$ cat data00.csv   # CSV, C-alpha atoms and all ligand atoms
chain,number,residue,atom,x,y,z
A,1,MET,CA,15.6,7.4,-18.3
A,2,TYR,CA,14.6,9.8,-15.6
A,3,ASP,CA,17.3,10.6,-13.0
A,4,VAL,CA,15.8,7.9,-10.8
A,5,ARG,CA,18.6,8.0,-8.2
A,6,GLY,CA,18.5,11.8,-7.9
A,7,ASN,CA,14.8,11.8,-7.6
A,8,ILE,CA,14.9,9.1,-4.8
A,9,ARG,CA,17.3,11.3,-2.9
A,10,LYS,CA,15.0,14.3,-3.3
A,11,VAL,CA,12.0,12.5,-2.0
A,12,LEU,CA,13.9,11.0,0.9
A,13,ALA,CA,15.1,14.5,1.8
A,14,ASP,CA,11.4,15.6,2.0
A,15,ILE,CA,10.2,12.8,4.3
A,16,PRO,CA,11.0,12.8,8.0
A,17,GLU,CA,12.8,10.0,9.9
A,18,GLY,CA,10.4,7.2,10.7
A,19,VAL,CA,8.4,7.6,7.5
A,20,SER,CA,9.0,5.0,4.8
A,21,LEU,CA,9.1,5.3,1.1
A,22,CYS,CA,7.4,2.9,-1.2
A,23,ALA,CA,8.7,3.5,-4.7
A,24,VAL,CA,5.8,2.8,-7.1
A,25,SER,CA,7.3,1.0,-10.0
A,26,LYS,CA,4.1,-0.2,-11.8
A,27,TYR,CA,4.4,0.1,-15.6
A,28,HIS,CA,8.1,0.8,-15.5
A,29,PRO,CA,10.7,-1.7,-16.7
A,30,LYS,CA,13.0,-3.6,-14.3
A,31,GLU,CA,16.0,-1.3,-15.2
A,32,TYR,CA,14.2,1.5,-13.4
A,33,ILE,CA,13.9,-0.6,-10.3
A,34,GLU,CA,17.5,-1.6,-10.5
A,35,GLU,CA,18.5,2.1,-10.6
A,36,ALA,CA,16.4,2.8,-7.5
A,37,TYR,CA,17.8,-0.3,-5.8
A,38,ALA,CA,21.3,0.9,-6.5
A,39,GLU,CA,20.4,4.0,-4.6
A,40,GLY,CA,19.4,1.9,-1.6
A,41,GLN,CA,15.7,1.7,-2.2
A,42,ARG,CA,14.2,-1.6,-1.1
A,43,ILE,CA,10.4,-1.1,-1.0
A,44,PHE,CA,8.6,-1.2,-4.3
A,45,GLY,CA,4.9,-1.0,-5.1
A,46,GLU,CA,3.2,-2.8,-7.9
A,47,SER,CA,-0.5,-2.9,-8.8
A,48,VAL,CA,-0.9,-5.6,-11.4
A,49,VAL,CA,-0.3,-9.2,-10.4
A,50,GLN,CA,0.8,-10.3,-13.9
A,51,GLU,CA,3.4,-7.5,-14.0
A,52,LEU,CA,4.7,-8.3,-10.6
A,53,ARG,CA,5.0,-12.0,-11.5
A,54,GLN,CA,7.2,-11.1,-14.4
A,55,LYS,CA,9.4,-8.7,-12.6
A,56,GLN,CA,9.9,-10.4,-9.2
A,57,PRO,CA,12.1,-13.3,-10.3
A,58,LEU,CA,14.4,-11.0,-12.3
A,59,LEU,CA,15.2,-8.7,-9.4
A,60,PRO,CA,17.1,-9.0,-6.1
A,61,SER,CA,15.4,-11.2,-3.5
A,62,ASP,CA,15.7,-8.7,-0.7
A,63,ILE,CA,13.3,-6.3,-2.3
A,64,GLU,CA,10.1,-5.8,-0.2
A,65,TRP,CA,7.3,-6.0,-2.7
A,66,HIS,CA,4.1,-4.1,-1.7
A,67,PHE,CA,0.9,-4.8,-3.6
A,68,ILE,CA,-1.1,-1.6,-4.0
A,69,GLY,CA,-3.7,-2.3,-6.7
A,70,HIS,CA,-7.1,-4.0,-6.7
A,71,LEU,CA,-6.4,-7.7,-5.9
A,72,GLN,CA,-8.7,-10.4,-7.2
A,73,THR,CA,-9.0,-13.4,-4.8
A,74,ASN,CA,-8.1,-15.9,-7.6
A,75,LYS,CA,-4.7,-14.1,-8.0
A,76,VAL,CA,-3.6,-14.1,-4.4
A,77,LYS,CA,-1.9,-17.4,-4.8
A,78,TYR,CA,0.6,-16.0,-7.3
A,79,ILE,CA,2.1,-13.4,-4.9
A,80,ALA,CA,1.6,-15.2,-1.6
A,81,PRO,CA,5.0,-16.8,-1.5
A,82,TYR,CA,6.9,-13.5,-1.4
A,83,ILE,CA,4.7,-10.5,-1.0
A,84,SER,CA,5.8,-8.3,1.9
A,85,LEU,CA,2.7,-6.2,2.4
A,86,ILE,CA,-0.7,-6.2,0.7
A,87,GLN,CA,-1.9,-2.7,1.0
A,88,SER,CA,-5.3,-3.0,-0.7
A,89,VAL,CA,-7.5,-5.3,1.4
A,90,ASP,CA,-11.1,-4.2,0.8
A,91,SER,CA,-13.2,-7.2,1.9
A,92,ILE,CA,-13.2,-10.0,4.4
A,93,ARG,CA,-13.4,-12.4,1.5
A,94,LEU,CA,-10.0,-11.2,0.2
A,95,LEU,CA,-8.6,-11.2,3.7
A,96,LYS,CA,-9.6,-14.9,4.2
A,97,GLU,CA,-8.1,-15.9,0.9
A,98,ILE,CA,-4.8,-14.2,1.8
A,99,ASP,CA,-4.9,-16.1,5.1
A,100,ARG,CA,-5.4,-19.4,3.2
A,101,GLN,CA,-2.6,-18.8,0.8
A,102,ALA,CA,-0.3,-17.6,3.5
A,103,GLU,CA,-0.9,-20.8,5.5
A,104,LYS,CA,-0.1,-22.8,2.4
A,105,ASN,CA,3.2,-21.0,2.1
A,106,ASN,CA,3.9,-21.4,5.8
A,107,ARG,CA,4.1,-17.7,6.4
A,108,THR,CA,2.2,-14.7,7.8
A,109,ILE,CA,1.3,-12.0,5.3
A,110,ARG,CA,1.0,-8.4,6.5
A,111,VAL,CA,-1.9,-6.4,5.1
A,112,LEU,CA,-3.4,-3.0,5.3
A,113,LEU,CA,-7.1,-2.1,5.1
A,114,GLU,CA,-7.8,0.1,2.1
A,115,LEU,CA,-10.0,2.9,3.1
A,116,HIS,CA,-12.3,5.0,0.9
A,117,VAL,CA,-12.2,8.5,2.3
A,118,ALA,CA,-12.1,10.5,-1.0
A,119,GLU,CA,-15.1,12.6,-1.7
A,120,GLU,CA,-14.9,11.7,-5.4
A,121,GLU,CA,-16.7,8.6,-6.4
A,122,THR,CA,-14.2,6.6,-8.3
A,123,LYS,CA,-11.8,5.4,-5.5
A,124,SER,CA,-11.9,1.9,-4.2
A,125,GLY,CA,-11.8,0.6,-0.7
A,126,LEU,CA,-14.0,0.3,2.4
A,127,THR,CA,-15.6,3.4,3.9
A,128,PRO,CA,-14.6,4.0,7.5
A,129,ASP,CA,-18.0,2.7,8.5
A,130,GLU,CA,-17.6,-0.5,6.5
A,131,ALA,CA,-14.1,-1.1,7.8
A,132,MET,CA,-15.3,-0.6,11.3
A,133,ALA,CA,-18.2,-3.0,10.8
A,134,MET,CA,-15.8,-5.6,9.4
A,135,LEU,CA,-13.6,-5.3,12.5
A,136,GLU,CA,-16.6,-5.4,14.8
A,137,GLU,CA,-17.9,-8.5,13.1
A,138,GLY,CA,-14.7,-10.2,14.2
A,139,GLU,CA,-14.2,-12.9,11.6
A,140,TRP,CA,-10.6,-11.6,11.1
A,141,ARG,CA,-9.6,-12.6,14.6
A,142,VAL,CA,-9.4,-16.3,13.8
A,143,LEU,CA,-7.2,-15.7,10.7
A,144,SER,CA,-3.8,-16.7,12.1
A,145,HIS,CA,-1.7,-16.2,8.9
A,146,VAL,CA,-2.5,-12.5,8.2
A,147,GLU,CA,-1.6,-9.5,10.3
A,148,ILE,CA,-3.5,-6.3,9.9
A,149,CYS,CA,-0.9,-3.6,10.2
A,150,GLY,CA,-2.8,-0.5,9.4
A,151,ILE,CA,-4.5,1.4,6.6
A,152,MET,CA,-3.9,2.6,3.1
A,153,THR,CA,-5.9,5.4,1.4
A,154,MET,CA,-5.9,7.7,-1.6
A,155,ALA,CA,-7.2,11.3,-1.6
A,156,SER,CA,-9.3,12.8,-4.4
A,157,TYR,CA,-7.4,14.0,-7.4
A,158,THR,CA,-8.0,17.7,-6.9
A,159,ASP,CA,-6.2,21.1,-6.5
A,160,ASP,CA,-8.3,21.7,-3.4
A,161,GLU,CA,-5.7,21.2,-0.7
A,162,GLU,CA,-8.3,21.7,2.1
A,163,GLN,CA,-10.2,18.8,0.7
A,164,ILE,CA,-7.1,16.6,0.6
A,165,HIS,CA,-6.3,17.5,4.2
A,166,ARG,CA,-9.8,16.7,5.2
A,167,GLU,CA,-9.7,13.3,3.5
A,168,PHE,CA,-6.4,12.2,5.0
A,169,ALA,CA,-7.6,13.4,8.4
A,170,ARG,CA,-10.6,11.2,8.1
A,171,ALA,CA,-8.4,8.2,7.4
A,172,HIS,CA,-6.2,9.1,10.4
A,173,ASP,CA,-9.3,9.3,12.7
A,174,PHE,CA,-10.3,5.8,11.6
A,175,PHE,CA,-6.7,4.6,12.3
A,176,GLU,CA,-6.7,6.0,15.8
A,177,GLN,CA,-10.2,4.6,16.6
A,178,ALA,CA,-9.4,1.2,15.2
A,179,LYS,CA,-6.1,1.1,17.0
A,180,LYS,CA,-7.7,1.9,20.3
A,181,LYS,CA,-10.6,-0.4,20.0
A,182,TYR,CA,-9.1,-3.5,18.3
A,183,PHE,CA,-5.3,-3.3,18.1
A,184,ALA,CA,-4.3,-1.7,21.4
A,185,THR,CA,-2.2,-4.7,22.3
A,186,GLN,CA,-0.7,-5.1,18.8
A,187,PRO,CA,2.2,-2.6,18.2
A,188,SER,CA,2.4,-3.8,14.5
A,189,PHE,CA,-0.8,-2.0,13.8
A,190,SER,CA,1.1,1.2,13.0
A,191,ILE,CA,1.2,1.8,9.3
A,192,ARG,CA,-0.6,4.8,7.7
A,193,SER,CA,0.0,4.6,4.0
A,194,TYR,CA,-1.0,7.8,2.4
A,195,GLY,CA,0.5,10.3,0.0
A,196,MET,CA,1.4,10.0,-3.7
A,197,SER,CA,3.5,12.2,-6.0
A,198,GLY,CA,0.9,15.0,-6.0
A,199,ASP,CA,0.0,15.0,-2.3
A,200,TYR,CA,2.6,13.4,-0.1
A,201,PRO,CA,3.6,16.7,1.6
A,202,ILE,CA,-0.1,17.1,2.7
A,203,ALA,CA,-0.2,13.4,3.7
A,204,LEU,CA,2.9,13.8,5.9
A,205,SER,CA,1.3,16.8,7.7
A,206,GLU,CA,-1.7,14.5,8.4
A,207,GLY,CA,0.4,11.7,9.9
A,208,SER,CA,1.4,9.4,7.1
A,209,SER,CA,4.0,6.8,8.0
A,210,LEU,CA,4.4,5.4,4.5
A,211,VAL,CA,4.3,7.4,1.2
A,212,ARG,CA,3.8,5.7,-2.2
A,213,VAL,CA,5.6,7.7,-4.8
A,214,GLY,CA,5.8,6.8,-8.5
A,215,THR,CA,5.8,9.6,-11.0
A,216,THR,CA,8.1,11.9,-9.1
A,217,ILE,CA,10.7,9.2,-9.0
A,218,PHE,CA,10.3,7.3,-12.3
A,219,GLY,CA,8.6,9.8,-14.5
A,220,PRO,CA,5.2,9.4,-16.3
A,221,ARG,CA,3.9,5.9,-16.9
A,222,VAL,CA,3.4,4.5,-20.4
A,223,TYR,CA,0.3,2.3,-20.2
B,1,LIG,C1,0.0,4.5,-9.0
B,1,LIG,C2,-0.3,4.6,-7.5
B,1,LIG,C3,0.6,5.4,-6.7
B,1,LIG,C4,1.7,6.3,-7.3
B,1,LIG,O1,1.1,7.4,-7.9
B,1,LIG,P1,2.0,8.6,-8.4
B,1,LIG,O2,1.1,9.7,-8.6
B,1,LIG,O3,2.7,8.2,-9.7
B,1,LIG,O4,3.0,8.9,-7.3
B,1,LIG,C5,0.3,5.4,-5.3
B,1,LIG,N1,-0.6,4.6,-4.8
B,1,LIG,C6,-1.4,3.8,-5.5
B,1,LIG,C7,-2.5,3.0,-4.8
B,1,LIG,C8,-1.3,3.8,-6.9
B,1,LIG,O5,-2.1,3.0,-7.6
$ encode --input "data00.csv" --output "structure tokens" --more "lines below"
Ligand SMILES: *Cc1c(COP(=O)(O)O)cnc(C)c1O
Amino acid sequence: MYDVRGNIRKVLADIPEGVSLCAVSKYHPKEYIEEAYAEGQRIFGESVVQELRQKQPLLPSDIEWHFIGHLQTNKVKYIAPYISLIQSVDSIRLLKEIDRQAEKNNRTIRVLLELHVAEEETKSGLTPDEAMAMLEEGEWRVLSHVEICGIMTMASYTDDEEQIHREFARAHDFFEQAKKKYFATQPSFSIRSYGMSGDYPIALSEGSSLVRVGTTIFGPRVY
């Protein structure tokens, strides 16, 4: 196994106070998560519902599970009882289903809007224009069992640091505008989730408040 505990300490040393670490444990066995947990890590990110469903009952109940992958509406029900933050909301339809399942479970589920700011084609999420249109349209306002707490985004997979800066800056612009226009009275709209193993230092310089780090902590994933 990788020196998971040492790696957690190194990443934590890199990130300023007030920034949180989501340890991305997808495709890693539960023993890796237990190592990180022993180091005090509590936030873990998973991207496949089936995998999360297998791991969650076997691990401590005070873990805060974040869902970071593409989420199909028909699978929301499986994670709704315990998920701490769904970072990957990319449609009003998904948001409504999360609201419905949260209500069934008598709770409020916190979510982030997933933004597509990468110049490469392959990334998922709403463009800033689409996300703004969704907020403007206003259907989300009547959903009383979800709380939109900010944004999540991924930069292009590239060596061009300027480009990565530019993409995160675009996400940050959206965050500021949305906050001013729609969430000025909601202090919980505060999460900027950007930065992965390859680009979290850049993300931090562009105002990230939550980095999602997998490989640097747990090593390469075996799919
Ligand atoms: C897998 C994944 C990560 C972690 O990526 P690493 O490069 O391993 O740090 C972060 N965010 C999302 C959305 C992911 O799917």
$ closest_residue --input "data00.csv" --among "A:Gly6, A:Pro16, A:Gly198, A:Pro81" --to "Asp160 (chain A)" --atoms "only C-alpha atoms"
A:Gly198
$ residues_near_ligand --input "data00.csv" --ligand "ligand LIG 1 (chain B)" --cutoff "9 Å" --atoms "all atoms listed in the file" --output "number ranges by chain"
A: 22-26, 45-47, 67-70, 87-88, 152-154, 193-200, 211-221
$ atom_distance --input "data00.csv" --atom1 "CA of Pro57 (chain A)" --atom2 "CA of Gly18 (chain A)"
29.4 Å
$ residues_around --input "data00.csv" --residues "Asn105 (chain A)" --least-positions-apart "6" --cutoff "10 Å" --atoms "only C-alpha atoms" --output "list in words"
Lys77, Ala80, Pro81, Tyr82, Asp99 and His145 of chain A
$ atom_distance --input "data00.csv" --atom1 "CA of Gln177 (chain A)" --atom2 "CA of Leu85 (chain A)"
22.0 Å
$ closest_residue --input "data00.csv" --among "A:Thr122, A:Asp3, A:Val117, A:Ser208" --to "Tyr32 (chain A)" --atoms "all atoms listed in the file"
A:Asp3
$ residues_around --input "data00.csv" --residues "Lys179 (chain A)" --least-positions-apart "6" --cutoff "12 Å" --atoms "all atoms listed in the file" --output "list in words"
Met132, Leu135, Ile148, Cys149, Gly150, Ile151, His172, Asp173, Thr185, Gln186, Pro187, Ser188, Phe189, Ser190, Ile191 and Arg192 of chain A
$ write_last_selection --input "data00.csv" --atoms "C-alpha atoms" --output "PDB file, in the frame of the given file"
ATOM      1  CA  MET A 132     -15.300  -0.600  11.300  1.00  0.00           C
ATOM      2  CA  LEU A 135     -13.600  -5.300  12.500  1.00  0.00           C
ATOM      3  CA  ILE A 148      -3.500  -6.300   9.900  1.00  0.00           C
ATOM      4  CA  CYS A 149      -0.900  -3.600  10.200  1.00  0.00           C
ATOM      5  CA  GLY A 150      -2.800  -0.500   9.400  1.00  0.00           C
ATOM      6  CA  ILE A 151      -4.500   1.400   6.600  1.00  0.00           C
ATOM      7  CA  HIS A 172      -6.200   9.100  10.400  1.00  0.00           C
ATOM      8  CA  ASP A 173      -9.300   9.300  12.700  1.00  0.00           C
ATOM      9  CA  THR A 185      -2.200  -4.700  22.300  1.00  0.00           C
ATOM     10  CA  GLN A 186      -0.700  -5.100  18.800  1.00  0.00           C
ATOM     11  CA  PRO A 187       2.200  -2.600  18.200  1.00  0.00           C
ATOM     12  CA  SER A 188       2.400  -3.800  14.500  1.00  0.00           C
ATOM     13  CA  PHE A 189      -0.800  -2.000  13.800  1.00  0.00           C
ATOM     14  CA  SER A 190       1.100   1.200  13.000  1.00  0.00           C
ATOM     15  CA  ILE A 191       1.200   1.800   9.300  1.00  0.00           C
ATOM     16  CA  ARG A 192      -0.600   4.800   7.700  1.00  0.00           C
TER      17      ARG A 192
END
$ closest_residue --input "data00.csv" --among "A:Leu52, A:Ala184, A:Ile83, A:Ile15" --to "Arg107 (chain A)" --atoms "all atoms listed in the file"
A:Ile83
$ atom_distance --input "data00.csv" --atom1 "CA of Arg93 (chain A)" --atom2 "CA of Ile109 (chain A)"
15.2 Å
$ closest_residue --input "data00.csv" --among "A:Glu167, A:Glu139, A:Glu161, A:Asp90" --to "Glu119 (chain A)" --atoms "all atoms listed in the file"
A:Glu167
$ closest_residue --input "data00.csv" --among "A:Ala155, A:Glu97, A:Ile92, A:Ala118" --to "Glu136 (chain A)" --atoms "all atoms listed in the file"
A:Ile92
$ residues_around --input "data00.csv" --residues "Glu130 (chain A)" --least-positions-apart "3" --cutoff "12 Å" --atoms "all atoms listed in the file" --output "CSV table (one decimal) with C-alpha atoms, in the coordinates of the input"
chain,number,residue,atom,x,y,z
A,90,ASP,CA,-11.1,-4.2,0.8
A,91,SER,CA,-13.2,-7.2,1.9
A,92,ILE,CA,-13.2,-10.0,4.4
A,113,LEU,CA,-7.1,-2.1,5.1
A,114,GLU,CA,-7.8,0.1,2.1
A,115,LEU,CA,-10.0,2.9,3.1
A,116,HIS,CA,-12.3,5.0,0.9
A,117,VAL,CA,-12.2,8.5,2.3
A,125,GLY,CA,-11.8,0.6,-0.7
A,126,LEU,CA,-14.0,0.3,2.4
A,127,THR,CA,-15.6,3.4,3.9
A,133,ALA,CA,-18.2,-3.0,10.8
A,134,MET,CA,-15.8,-5.6,9.4
A,135,LEU,CA,-13.6,-5.3,12.5
A,136,GLU,CA,-16.6,-5.4,14.8
A,137,GLU,CA,-17.9,-8.5,13.1
A,174,PHE,CA,-10.3,5.8,11.6
$ closest_residue --input "data00.csv" --among "A:Gly138, A:Leu143, A:Ile79, A:Trp65" --to "Lys96 (chain A)" --atoms "all atoms listed in the file"
A:Leu143
$ residues_around --input "data00.csv" --residues "Tyr37 (chain A)" --least-positions-apart "4" --cutoff "10 Å" --atoms "all atoms listed in the file" --output "PDB file with C-alpha atoms, in the frame of the given file"
ATOM      1  CA  VAL A   4      15.800   7.900 -10.800  1.00  0.00           C
ATOM      2  CA  ARG A   5      18.600   8.000  -8.200  1.00  0.00           C
ATOM      3  CA  ILE A   8      14.900   9.100  -4.800  1.00  0.00           C
ATOM      4  CA  ALA A  23       8.700   3.500  -4.700  1.00  0.00           C
ATOM      5  CA  GLU A  31      16.000  -1.300 -15.200  1.00  0.00           C
ATOM      6  CA  TYR A  32      14.200   1.500 -13.400  1.00  0.00           C
ATOM      7  CA  ILE A  33      13.900  -0.600 -10.300  1.00  0.00           C
ATOM      8  CA  GLN A  41      15.700   1.700  -2.200  1.00  0.00           C
ATOM      9  CA  ARG A  42      14.200  -1.600  -1.100  1.00  0.00           C
ATOM     10  CA  ILE A  43      10.400  -1.100  -1.000  1.00  0.00           C
ATOM     11  CA  PHE A  44       8.600  -1.200  -4.300  1.00  0.00           C
ATOM     12  CA  LEU A  59      15.200  -8.700  -9.400  1.00  0.00           C
ATOM     13  CA  PRO A  60      17.100  -9.000  -6.100  1.00  0.00           C
ATOM     14  CA  ILE A  63      13.300  -6.300  -2.300  1.00  0.00           C
TER      15      ILE A  63
END
$ residues_around --input "data00.csv" --residues "Val146 (chain A)" --least-positions-apart "6" --cutoff "8 Å" --atoms "all atoms listed in the file" --output "tab-separated table (two decimals) with C-alpha atoms, in the coordinates of the input"
chain	number	residue	atom	x	y	z
A	95	LEU	CA	-8.60	-11.20	3.70
A	98	ILE	CA	-4.80	-14.20	1.80
A	99	ASP	CA	-4.90	-16.10	5.10
A	102	ALA	CA	-0.30	-17.60	3.50
A	108	THR	CA	2.20	-14.70	7.80
A	109	ILE	CA	1.30	-12.00	5.30
A	110	ARG	CA	1.00	-8.40	6.50
A	111	VAL	CA	-1.90	-6.40	5.10
